[in-house]
$ cat structure_1.txt   # compact mmCIF, C-alpha atoms
# COMPACT_ATOMS: atom_id res chain seq x y z
CA MET A 1 -42.09 57.75 9.51
CA SER A 2 -38.86 59.56 8.59
CA LYS A 3 -37.57 59.05 12.13
CA LEU A 4 -38.26 55.31 11.91
CA LYS A 5 -36.46 55.21 8.57
CA LEU A 6 -33.46 56.97 10.13
CA ASN A 7 -33.43 54.51 13.03
CA ILE A 8 -33.46 51.50 10.72
CA PHE A 9 -30.50 52.73 8.66
CA GLU A 10 -28.59 54.78 11.25
CA SER A 11 -25.46 52.59 10.99
CA LEU A 12 -25.13 53.62 7.33
CA SER A 13 -24.22 57.12 8.52
CA CYS A 14 -20.77 55.60 9.27
CA ARG A 15 -18.69 55.65 6.07
CA ASN A 16 -16.80 52.44 6.78
CA PHE A 17 -19.93 50.45 7.59
CA ARG A 18 -21.64 51.90 4.50
CA LEU A 19 -18.82 50.62 2.26
CA TYR A 20 -18.94 47.21 3.92
CA PHE A 21 -22.75 47.09 3.66
CA PHE A 22 -23.01 47.77 -0.09
CA GLY A 23 -20.03 45.55 -0.95
CA GLN A 24 -21.65 42.70 0.94
CA CYS A 25 -25.02 43.32 -0.74
CA ILE A 26 -23.55 42.51 -4.15
CA SER A 27 -21.22 39.72 -3.01
CA LEU A 28 -23.80 37.83 -0.95
CA THR A 29 -26.37 38.00 -3.74
CA GLY A 30 -23.79 36.29 -5.96
CA SER A 31 -23.13 33.71 -3.22
CA TRP A 32 -26.81 32.80 -3.00
CA ILE A 33 -26.96 32.45 -6.77
CA GLN A 34 -24.03 30.05 -6.52
CA GLN A 35 -25.59 28.13 -3.61
CA VAL A 36 -28.83 27.50 -5.52
CA ALA A 37 -26.87 26.47 -8.62
CA MET A 38 -24.58 24.17 -6.59
CA GLY A 39 -27.45 22.34 -4.89
CA TRP A 40 -29.33 21.93 -8.16
CA LEU A 41 -26.20 20.78 -10.04
CA VAL A 42 -25.21 18.14 -7.45
CA TYR A 43 -28.73 16.73 -7.09
CA ARG A 44 -29.21 16.73 -10.88
CA LEU A 45 -25.99 14.75 -11.34
CA THR A 46 -26.34 12.30 -8.43
CA ASP A 47 -29.96 12.22 -7.11
CA SER A 48 -28.40 11.88 -3.62
CA ILE A 49 -29.82 13.71 -0.59
CA ALA A 50 -26.87 12.49 1.48
CA LEU A 51 -24.38 14.07 -0.93
CA LEU A 52 -26.12 17.45 -0.55
CA GLY A 53 -25.43 17.18 3.18
CA VAL A 54 -21.83 15.99 2.70
CA ILE A 55 -20.93 18.97 0.48
CA VAL A 56 -22.27 21.46 3.03
CA PHE A 57 -20.53 19.55 5.83
CA LEU A 58 -17.15 19.72 4.08
CA SER A 59 -17.55 23.45 3.45
CA GLN A 60 -18.20 24.06 7.16
CA ALA A 61 -16.55 21.25 9.17
CA PRO A 62 -13.02 22.80 9.26
CA THR A 63 -14.55 25.43 11.55
CA PHE A 64 -14.28 22.96 14.45
CA ILE A 65 -10.50 22.61 14.12
CA ILE A 66 -9.25 25.88 12.67
CA THR A 67 -11.48 28.55 14.22
CA PRO A 68 -10.37 28.01 17.87
CA LEU A 69 -6.75 28.48 16.79
CA VAL A 70 -7.27 31.59 14.66
CA SER A 71 -9.78 33.32 16.96
CA SER A 72 -7.03 34.63 19.26
CA LEU A 73 -5.13 36.00 16.24
CA ILE A 74 -8.20 37.93 15.11
CA ASP A 75 -7.91 40.09 18.24
CA ARG A 76 -4.22 40.80 17.49
CA ILE A 77 -3.79 41.40 13.72
CA SER A 78 -5.52 43.35 10.95
CA GLN A 79 -8.99 41.91 10.39
CA GLN A 80 -9.26 43.97 7.22
CA LYS A 81 -6.24 42.23 5.63
CA ILE A 82 -7.58 38.81 6.63
CA LEU A 83 -10.90 39.53 4.92
CA VAL A 84 -9.24 40.78 1.72
CA PHE A 85 -7.27 37.51 1.59
CA THR A 86 -10.33 35.31 2.18
CA GLN A 87 -12.43 37.14 -0.42
CA ILE A 88 -9.69 36.74 -3.05
CA PHE A 89 -9.64 33.01 -2.30
CA PHE A 90 -13.44 32.77 -2.62
CA LEU A 91 -13.23 34.56 -5.96
CA LEU A 92 -10.71 31.98 -7.22
CA HIS A 93 -12.84 29.15 -5.81
CA ALA A 94 -15.90 30.37 -7.74
CA LEU A 95 -13.76 30.76 -10.86
CA CYS A 96 -12.66 27.10 -10.62
CA LEU A 97 -16.29 25.98 -10.44
CA THR A 98 -17.10 28.16 -13.43
CA ILE A 99 -14.38 26.57 -15.54
CA LEU A 100 -15.26 23.01 -14.45
CA VAL A 101 -18.93 23.38 -15.38
CA MET A 102 -18.58 25.49 -18.52
CA THR A 103 -16.00 23.11 -20.01
CA ASN A 104 -18.22 20.09 -19.14
CA ILE A 105 -15.43 18.51 -17.08
CA LEU A 106 -17.74 17.93 -14.12
CA SER A 107 -19.97 14.82 -14.17
CA ALA A 108 -21.48 12.25 -11.80
CA GLU A 109 -18.27 10.19 -12.03
CA ASN A 110 -15.93 12.97 -10.87
CA VAL A 111 -18.23 14.87 -8.51
CA TRP A 112 -15.48 14.23 -5.92
CA ILE A 113 -13.81 17.34 -7.37
CA VAL A 114 -16.65 19.40 -5.90
CA LEU A 115 -16.08 17.69 -2.54
CA ILE A 116 -12.39 18.69 -2.54
CA LEU A 117 -13.21 22.28 -3.54
CA SER A 118 -15.83 22.40 -0.78
CA LEU A 119 -13.23 21.27 1.77
CA PHE A 120 -10.76 24.00 0.71
CA PHE A 121 -13.59 26.52 0.85
CA GLY A 122 -14.37 25.34 4.40
CA ILE A 123 -10.77 25.76 5.53
CA VAL A 124 -10.64 29.41 4.45
CA ASN A 125 -14.21 30.01 5.62
CA ALA A 126 -13.15 28.93 9.13
CA LEU A 127 -10.87 31.99 9.13
CA ASP A 128 -13.29 34.30 7.32
CA GLN A 129 -16.41 33.88 9.48
CA PRO A 130 -15.10 34.80 12.96
CA THR A 131 -13.06 37.63 11.42
CA ARG A 132 -16.16 39.01 9.70
CA GLN A 133 -18.18 38.78 12.93
CA ALA A 134 -15.54 40.76 14.86
CA PHE A 135 -14.80 43.18 11.99
CA TYR A 136 -18.10 44.73 10.98
CA ILE A 137 -19.09 45.70 14.53
CA SER A 138 -15.83 47.69 14.78
CA LEU A 139 -17.13 49.93 12.00
CA VAL A 140 -19.81 51.54 14.21
CA PRO A 141 -19.94 53.01 17.75
CA LYS A 142 -21.33 50.70 20.46
CA GLY A 143 -24.58 52.67 20.60
CA MET A 144 -25.32 51.50 17.04
CA LEU A 145 -24.35 47.86 17.70
CA THR A 146 -27.91 46.47 17.72
CA ASN A 147 -28.69 48.32 14.50
CA ALA A 148 -25.46 47.18 12.80
CA VAL A 149 -26.05 43.50 13.68
CA ALA A 150 -29.64 43.74 12.43
CA LEU A 151 -28.56 45.46 9.19
CA ASN A 152 -25.92 42.79 8.71
CA SER A 153 -28.72 40.22 9.02
CA ALA A 154 -30.71 42.31 6.54
CA ILE A 155 -27.83 42.03 4.04
CA ILE A 156 -27.70 38.26 4.45
CA ASN A 157 -31.45 37.79 4.25
CA GLY A 158 -32.07 40.48 1.64
CA SER A 159 -29.58 38.71 -0.61
CA ARG A 160 -31.38 35.46 0.19
CA LEU A 161 -34.55 37.14 -1.10
CA ILE A 162 -33.01 38.29 -4.39
CA GLY A 163 -30.23 35.74 -5.05
CA PRO A 164 -32.20 32.47 -5.19
CA ALA A 165 -34.92 33.95 -7.40
CA ILE A 166 -32.26 35.18 -9.84
CA GLY A 167 -30.37 31.88 -9.51
CA GLY A 168 -33.43 29.73 -10.29
CA PHE A 169 -34.09 31.78 -13.43
CA LEU A 170 -30.43 31.91 -14.50
CA ILE A 171 -30.01 28.12 -14.25
CA ILE A 172 -32.54 27.82 -17.08
CA LEU A 173 -31.14 30.79 -19.00
CA ILE A 174 -27.35 30.36 -18.77
CA GLY A 175 -26.88 27.13 -16.78
CA GLU A 176 -25.07 26.46 -13.50
CA GLY A 177 -21.73 27.58 -14.98
CA GLY A 178 -23.11 31.04 -15.73
CA CYS A 179 -24.31 31.32 -12.13
CA PHE A 180 -20.81 30.49 -10.86
CA LEU A 181 -19.34 33.15 -13.18
CA ILE A 182 -21.67 35.80 -11.76
CA ASP A 183 -20.59 34.79 -8.24
CA THR A 184 -16.93 35.13 -9.30
CA ILE A 185 -17.52 38.69 -10.50
CA SER A 186 -19.52 39.64 -7.39
CA TYR A 187 -16.54 39.01 -5.08
CA SER A 188 -14.61 41.83 -6.74
CA PHE A 189 -17.07 44.37 -5.32
CA VAL A 190 -16.57 43.36 -1.69
CA ILE A 191 -12.77 43.28 -2.19
CA ILE A 192 -12.85 46.88 -3.50
CA ALA A 193 -15.10 47.95 -0.61
CA LEU A 194 -12.75 46.41 1.96
CA LEU A 195 -9.74 48.16 0.42
CA LEU A 196 -11.56 51.53 0.60
CA ILE A 197 -12.32 51.20 4.33
CA LYS A 198 -10.00 53.48 6.32
CA PHE A 199 -9.13 53.25 10.01
CA PRO A 200 -7.19 55.72 12.16
CA LYS A 201 -3.51 54.78 12.36
CA MET A 202 -2.92 52.61 15.40
CA GLN A 203 0.37 51.62 16.99
CA ILE A 204 1.08 47.96 16.27
CA SER A 205 1.62 45.96 19.42
CA LYS A 206 5.10 44.39 19.65
CA ILE A 207 4.10 42.15 22.54
CA LYS A 208 4.50 38.47 21.71
CA HIS A 209 1.37 36.44 22.21
CA ASN A 210 1.00 32.77 22.99
CA ILE A 211 -1.74 31.37 20.76
CA PHE A 212 -2.47 28.47 23.10
CA LYS A 213 -2.64 30.77 26.15
CA ASP A 214 -4.88 33.26 24.33
CA THR A 215 -7.14 30.45 23.15
CA MET A 216 -7.47 29.04 26.66
CA GLU A 217 -8.29 32.53 27.99
CA GLY A 218 -11.25 32.55 25.61
CA VAL A 219 -12.33 29.07 26.75
CA SER A 220 -12.06 30.10 30.42
CA TYR A 221 -14.11 33.24 29.83
CA ILE A 222 -16.90 31.27 28.12
CA ARG A 223 -16.85 28.58 30.82
CA GLU A 224 -17.22 31.18 33.58
CA SER A 225 -19.88 33.25 31.78
CA LEU A 226 -23.24 31.48 32.06
CA PRO A 227 -25.09 33.76 29.60
CA ILE A 228 -22.47 33.34 26.85
CA LYS A 229 -22.29 29.57 27.47
CA VAL A 230 -26.08 29.16 27.18
CA LEU A 231 -26.27 31.37 24.08
CA LEU A 232 -23.56 29.33 22.35
CA ILE A 233 -25.45 26.10 23.13
CA ILE A 234 -28.59 27.63 21.64
CA SER A 235 -26.68 28.69 18.53
CA PHE A 236 -25.46 25.12 18.07
CA GLY A 237 -28.91 23.60 18.60
CA VAL A 238 -30.75 25.89 16.20
CA SER A 239 -27.98 25.53 13.61
CA PHE A 240 -28.00 21.72 13.87
CA PHE A 241 -31.76 21.12 13.73
CA VAL A 242 -33.17 24.09 11.79
CA LEU A 243 -30.58 25.61 9.43
CA PRO A 244 -30.09 22.48 7.24
CA VAL A 245 -33.63 22.99 5.93
CA THR A 246 -32.39 24.97 2.91
CA THR A 247 -29.83 22.31 1.96
CA PHE A 248 -32.62 19.82 1.32
CA PHE A 249 -34.85 22.19 -0.67
CA PRO A 250 -33.64 20.80 -4.05
CA ALA A 251 -34.71 17.26 -3.05
CA TYR A 252 -38.02 18.55 -1.64
CA ILE A 253 -38.79 20.59 -4.77
CA LYS A 254 -37.92 17.82 -7.20
CA ASP A 255 -39.31 14.77 -5.36
CA SER A 256 -42.22 16.04 -3.22
CA LEU A 257 -43.49 18.96 -5.29
CA GLY A 258 -42.37 17.68 -8.71
CA GLU A 259 -41.10 21.12 -9.72
CA GLY A 260 -37.90 22.51 -11.27
CA SER A 261 -35.20 25.08 -10.56
CA GLN A 262 -37.54 28.07 -10.87
CA ALA A 263 -39.66 26.71 -8.01
CA LEU A 264 -36.47 26.22 -5.98
CA GLY A 265 -35.50 29.86 -6.51
CA SER A 266 -39.04 30.96 -5.69
CA LEU A 267 -39.20 28.96 -2.45
CA MET A 268 -35.80 30.28 -1.35
CA SER A 269 -36.93 33.83 -2.15
CA PHE A 270 -40.02 33.48 0.03
CA LEU A 271 -37.72 32.28 2.80
CA GLY A 272 -35.74 35.45 2.12
CA ILE A 273 -38.85 37.66 2.29
CA GLY A 274 -39.56 36.40 5.80
CA SER A 275 -35.90 36.68 6.82
CA PHE A 276 -35.56 40.20 5.43
CA SER A 277 -38.74 41.32 7.21
CA GLY A 278 -37.40 39.97 10.50
CA ALA A 279 -34.05 41.69 9.97
CA LEU A 280 -35.71 45.06 9.27
CA PHE A 281 -37.85 44.70 12.38
CA LEU A 282 -34.76 44.04 14.50
CA ALA A 283 -32.93 46.95 12.83
CA SER A 284 -35.73 49.34 13.85
CA ARG A 285 -35.24 48.51 17.54
CA LYS A 286 -33.21 50.96 19.63
CA THR A 287 -32.82 48.81 22.74
CA ILE A 288 -31.49 45.38 23.62
CA ILE A 289 -34.26 44.86 26.21
CA ASN A 290 -36.77 42.09 25.34
CA LEU A 291 -34.51 40.79 22.58
CA ASP A 292 -34.38 37.54 24.55
CA LYS A 293 -38.17 37.26 24.19
CA ILE A 294 -37.91 37.68 20.41
CA GLN A 295 -35.23 34.99 20.44
CA ARG A 296 -37.47 32.50 22.26
CA ILE A 297 -40.46 33.21 20.03
CA GLY A 298 -38.26 32.75 16.95
CA ILE A 299 -36.99 29.33 18.09
CA LEU A 300 -40.50 28.21 19.10
CA SER A 301 -42.15 29.19 15.80
CA ALA A 302 -39.29 27.80 13.66
CA SER A 303 -39.62 24.42 15.44
CA LEU A 304 -43.40 24.31 14.99
CA ILE A 305 -43.19 25.20 11.28
CA LEU A 306 -40.44 22.66 10.60
CA ILE A 307 -42.50 19.71 11.93
CA PRO A 308 -45.03 19.60 9.02
CA PHE A 309 -42.98 21.48 6.39
CA PHE A 310 -41.52 18.67 4.27
CA SER A 311 -44.82 16.75 4.27
CA VAL A 312 -46.62 19.63 2.52
CA THR A 313 -47.35 18.90 -1.16
CA ASN A 314 -49.20 22.11 -1.98
CA ILE A 315 -46.73 24.56 -3.54
CA TYR A 316 -48.63 27.65 -2.35
CA LEU A 317 -48.75 26.46 1.26
CA SER A 318 -45.05 25.54 1.09
CA HIS A 319 -44.23 29.12 0.01
CA LEU A 320 -46.25 30.56 2.91
CA LEU A 321 -44.55 28.27 5.43
CA SER A 322 -41.17 29.09 3.91
CA MET A 323 -41.76 32.80 4.46
CA LEU A 324 -42.82 32.25 8.09
CA LEU A 325 -39.84 29.95 8.63
CA GLY A 326 -37.47 32.65 7.33
CA LEU A 327 -38.98 35.21 9.72
CA SER A 328 -38.63 32.80 12.65
CA MET A 329 -35.06 31.75 11.79
CA VAL A 330 -33.68 35.28 11.52
CA SER A 331 -35.49 36.32 14.72
CA ALA A 332 -33.78 33.49 16.59
CA ILE A 333 -30.33 33.73 14.98
CA ALA A 334 -29.89 37.52 14.76
CA SER A 335 -31.21 38.02 18.30
CA THR A 336 -28.74 35.46 19.66
CA ASN A 337 -25.88 37.06 17.72
CA THR A 338 -26.76 40.55 18.96
CA ILE A 339 -27.02 39.46 22.60
CA ILE A 340 -23.63 37.71 22.44
CA GLN A 341 -22.00 40.76 20.82
CA PHE A 342 -23.56 43.04 23.43
CA LEU A 343 -22.47 40.99 26.45
CA THR A 344 -18.90 40.28 25.27
CA PRO A 345 -16.07 42.67 26.28
CA VAL A 346 -13.99 44.15 23.45
CA ASN A 347 -10.78 42.28 24.33
CA MET A 348 -12.62 38.94 24.07
CA LYS A 349 -14.72 39.74 20.99
CA GLY A 350 -12.65 37.85 18.41
CA ARG A 351 -12.32 34.74 20.55
CA VAL A 352 -15.96 34.60 21.64
CA MET A 353 -17.20 35.22 18.09
CA GLY A 354 -14.81 32.48 16.97
CA TYR A 355 -16.58 30.01 19.23
CA TYR A 356 -19.91 31.43 18.11
CA THR A 357 -18.84 30.63 14.54
CA ILE A 358 -17.97 27.09 15.61
CA CYS A 359 -21.44 26.63 17.10
CA PHE A 360 -23.29 28.39 14.29
CA ILE A 361 -21.50 27.05 11.22
CA GLY A 362 -20.17 23.87 12.85
CA GLY A 363 -23.63 22.98 14.14
CA SER A 364 -25.08 23.51 10.68
CA SER A 365 -22.36 21.38 9.05
CA LEU A 366 -22.93 18.48 11.45
CA GLY A 367 -26.68 18.86 11.04
CA ASN A 368 -26.38 18.67 7.27
CA LEU A 369 -24.23 15.53 7.49
CA VAL A 370 -26.29 13.68 10.12
CA LEU A 371 -29.75 14.70 8.89
CA GLY A 372 -28.76 14.10 5.27
CA TYR A 373 -27.55 10.59 6.10
CA PHE A 374 -30.72 9.61 7.97
CA ALA A 375 -32.98 11.33 5.42
CA ASN A 376 -31.37 9.22 2.71
CA LEU A 377 -31.78 6.11 4.90
CA ILE A 378 -35.34 6.72 6.16
CA SER A 379 -37.16 9.69 4.59
CA LEU A 380 -36.69 13.45 4.41
CA GLU A 381 -40.18 14.13 5.78
CA ILE A 382 -39.75 12.01 8.94
CA ILE A 383 -36.23 13.22 9.76
CA MET A 384 -37.02 16.93 9.40
CA SER A 385 -40.21 16.53 11.47
CA LEU A 386 -38.14 14.90 14.22
CA SER A 387 -35.68 17.82 13.97
CA GLY A 388 -38.50 20.27 14.68
CA ILE A 389 -39.69 18.22 17.67
CA ILE A 390 -36.18 17.92 19.16
CA CYS A 391 -35.55 21.66 18.70
CA LEU A 392 -38.81 22.33 20.53
CA LEU A 393 -37.71 20.14 23.46
CA PHE A 394 -34.32 21.87 23.35
CA LEU A 395 -36.05 25.24 23.93
CA VAL A 396 -38.12 23.88 26.83
CA VAL A 397 -35.00 22.58 28.62
CA LEU A 398 -33.03 25.84 28.21
CA ASN A 399 -35.92 28.26 28.79
CA PRO A 400 -35.17 28.81 32.52
CA TYR A 401 -31.60 29.85 31.65
CA LEU A 402 -32.81 32.16 28.86
CA ARG A 403 -34.96 34.06 31.34
CA LYS A 404 -31.87 34.72 33.49
CA ILE A 405 -30.10 36.27 30.50
CA LYS A 406 -32.69 39.05 30.51
CA LEU A 407 -31.33 40.29 33.85
CA HIS A 408 -27.81 40.50 32.40
CA LEU A 409 -29.13 42.49 29.42
CA ILE A 410 -30.92 44.97 31.68
CA ASP A 411 -27.75 45.51 33.75
CA LYS A 412 -25.59 45.93 30.64
CA GLU A 413 -28.07 48.36 29.05
CA ARG A 414 -28.12 50.41 32.25
CA ASP A 415 -24.31 50.56 32.30
CA LEU A 416 -24.25 51.72 28.65
CA ASP A 417 -26.84 54.42 29.37
CA THR A 418 -24.72 55.65 32.28
CA ILE A 419 -21.62 55.86 30.07
CA ASN A 420 -23.56 57.78 27.40
CA VAL A 421 -24.84 60.27 30.00
CA VAL A 422 -21.28 60.84 31.30
CA VAL A 423 -19.95 61.36 27.77
CA GLU A 424 -22.73 63.84 26.97
CA SER A 425 -22.02 65.72 30.22
CA ILE A 426 -18.31 65.95 29.34
CA ASN A 427 -19.15 67.21 25.86
CA LEU A 428 -21.52 69.87 27.27
CA SER A 429 -18.93 71.04 29.76
CA GLU A 430 -16.40 71.37 26.96
CA ILE A 431 -18.85 73.44 24.92
CA ASN A 432 -19.71 75.71 27.87
CA ARG A 433 -16.03 76.22 28.57
$ encode --input "structure_1.txt" --output "structure tokens"
Amino acid sequence: MSKLKLNIFESLSCRNFRLYFFGQCISLTGSWIQQVAMGWLVYRLTDSIALLGVIVFLSQAPTFIITPLVSSLIDRISQQKILVFTQIFFLLHALCLTILVMTNILSAENVWIVLILSLFFGIVNALDQPTRQAFYISLVPKGMLTNAVALNSAIINGSRLIGPAIGGFLIILIGEGGCFLIDTISYSFVIIALLLIKFPKMQISKIKHNIFKDTMEGVSYIRESLPIKVLLIISFGVSFFVLPVTTFFPAYIKDSLGEGSQALGSLMSFLGIGSFSGALFLASRKTIINLDKIQRIGILSASLILIPFFSVTNIYLSHLLSMLLGLSMVSAIASTNTIIQFLTPVNMKGRVMGYYTICFIGGSSLGNLVLGYFANLISLEIIMSLSGIICLLFLVVLNPYLRKIKLHLIDKERDLDTINVVVESINLSEINR
């Protein structure tokens, strides 16, 4: 049992990753509190499902334009400094929301202010996300990569477990403005953690780089690498058809279940329980082999659960399905992320993860906009059922390619094992000498 516990948390033995981990735990919990409060506030003011989708779209759409340009820079300049800058901006963004709500400036008539703030958030987030993806894996040795990616998923989904439950309760206790204030404070912890992370001094490259050339190198690499190309397509598909589910929870809770903000927090928390369980399972794994199988099972089960989900009117059954959906989503998403990280060479990491961010966040933003529009036009139940069916067909079409990826993983794992054996042999010879 103690050995399993060590395996699950082995990445925390690295000081830098440990600082990042605990800073993110606090910050992301605050972010989920804000997300629940934001969705509830907007739907309470406007009763518009489409507007829920538009706000998420604006906060993610800049990824399509900005991320390809900044991805090459991420490989060249200090990722730590970039993240400190983005977190300071997010702190100020949350502070603006706090002031707007607590002073009663925000209303249904000027909800456009939230749209503008969401767009600014999206612009900075387009820089933050690919940087974060490339940064945290640099805090651990490659042998701990699978564990670090899984623990990073555990942070995200553990905060999803705690944050929404707290948020649903706090909306009643201190209102949406109080939730935004807590989010503002939470960003200070991750900023402090980032500043405490220390790297060995490295010589700064004086070579001038052409952003367009570097960007095209990333595009060429992805075009020529079938596994990476297929995995990015999968990321986009799952993000477009499955991830928007949480955006429409406020409408589902209020209209279909006839419940309030506490039920919203509860449903999100059950989603978090499933997600956190999946993340811990992935963190306990020591090998990349068969991760592709977990990925396929995750996409399959998420699609099947999504088909009936929004037609369920029993609150207890909806909580059970939410938990299973969370488990399926994190199995699909974290597995895909880990495989991409594992197959990508170090010199291409920032650029490839930039395009991964485009597919992951950009797919979700488009999904929120398109599905929100048609849900408002037709019905939420029908549109989300169709999303599950299309995602299922998506998996069937790409399944032959996914099976080929397994061969690449086996080869890569074998190469890593060979390197580790050589390193151990060198170390032993040094000791014997």
$ closest_residue --input "structure_1.txt" --among "A:Glu10, A:Asp47, A:Asp183, A:Glu259" --to "A:Thr98" --atoms "only C-alpha atoms"
A:Asp183
$ closest_residue --input "structure_1.txt" --among "A:Ser379, A:Thr63, A:Ser385, A:Ser188" --to "A:Ile49" --atoms "all atoms listed in the file"
A:Ser379
$ atom_distance --input "structure_1.txt" --atom1 "atom CA of A:Ala50" --atom2 "atom CA of A:Gly177"
22.9 Å
$ residues_around --input "structure_1.txt" --residues "stretch 42-46 of chain A" --least-positions-apart "4" --cutoff "10 Å" --atoms "all atoms listed in the file" --output "list in words"
Ala37, Met38, Ala50, Leu51, Leu52, Ile55, Leu106, Ser107, Ala108, Glu109, Val111, Val114, Phe248, Pro250, Ala251 and Lys254 of chain A
$ write_last_selection --input "structure_1.txt" --atoms "C-alpha atoms" --output "compact mmCIF listing (two decimals), in the coordinates of the input"
# COMPACT_ATOMS: atom_id res chain seq x y z
CA ALA A 37 -26.87 26.47 -8.62
CA MET A 38 -24.58 24.17 -6.59
CA ALA A 50 -26.87 12.49 1.48
CA LEU A 51 -24.38 14.07 -0.93
CA LEU A 52 -26.12 17.45 -0.55
CA ILE A 55 -20.93 18.97 0.48
CA LEU A 106 -17.74 17.93 -14.12
CA SER A 107 -19.97 14.82 -14.17
CA ALA A 108 -21.48 12.25 -11.80
CA GLU A 109 -18.27 10.19 -12.03
CA VAL A 111 -18.23 14.87 -8.51
CA VAL A 114 -16.65 19.40 -5.90
CA PHE A 248 -32.62 19.82 1.32
CA PRO A 250 -33.64 20.80 -4.05
CA ALA A 251 -34.71 17.26 -3.05
CA LYS A 254 -37.92 17.82 -7.20
$ closest_residue --input "structure_1.txt" --among "A:Val245, A:Leu257, A:Met216, A:Val124" --to "A:Ala375" --atoms "all atoms listed in the file"
A:Val245
$ atom_distance --input "structure_1.txt" --atom1 "atom CA of A:Leu196" --atom2 "atom CA of A:Phe85"
14.7 Å
$ closest_residue --input "structure_1.txt" --among "A:Trp40, A:Phe57, A:Phe135, A:Phe309" --to "A:Lys81" --atoms "only C-alpha atoms"
A:Phe135
$ atom_distance --input "structure_1.txt" --atom1 "atom CA of A:Pro345" --atom2 "atom CA of A:Ile66"
22.7 Å
$ closest_residue --input "structure_1.txt" --among "A:Tyr316, A:Phe342, A:Phe276, A:Tyr401" --to "A:Arg296" --atoms "all atoms listed in the file"
A:Tyr401
$ closest_residue --input "structure_1.txt" --among "A:Ser225, A:Ser186, A:Ser235, A:Thr29" --to "A:Thr338" --atoms "only C-alpha atoms"
A:Ser235
$ residues_around --input "structure_1.txt" --residues "stretch 230-233 of chain A" --least-positions-apart "3" --cutoff "6 Å" --atoms "only C-alpha atoms" --output "ChimeraX atom specification"
/A:227,236,356
$ residues_around --input "structure_1.txt" --residues "A:Gln262" --least-positions-apart "3" --cutoff "6 Å" --atoms "all atoms listed in the file" --output "count of residues only"
3
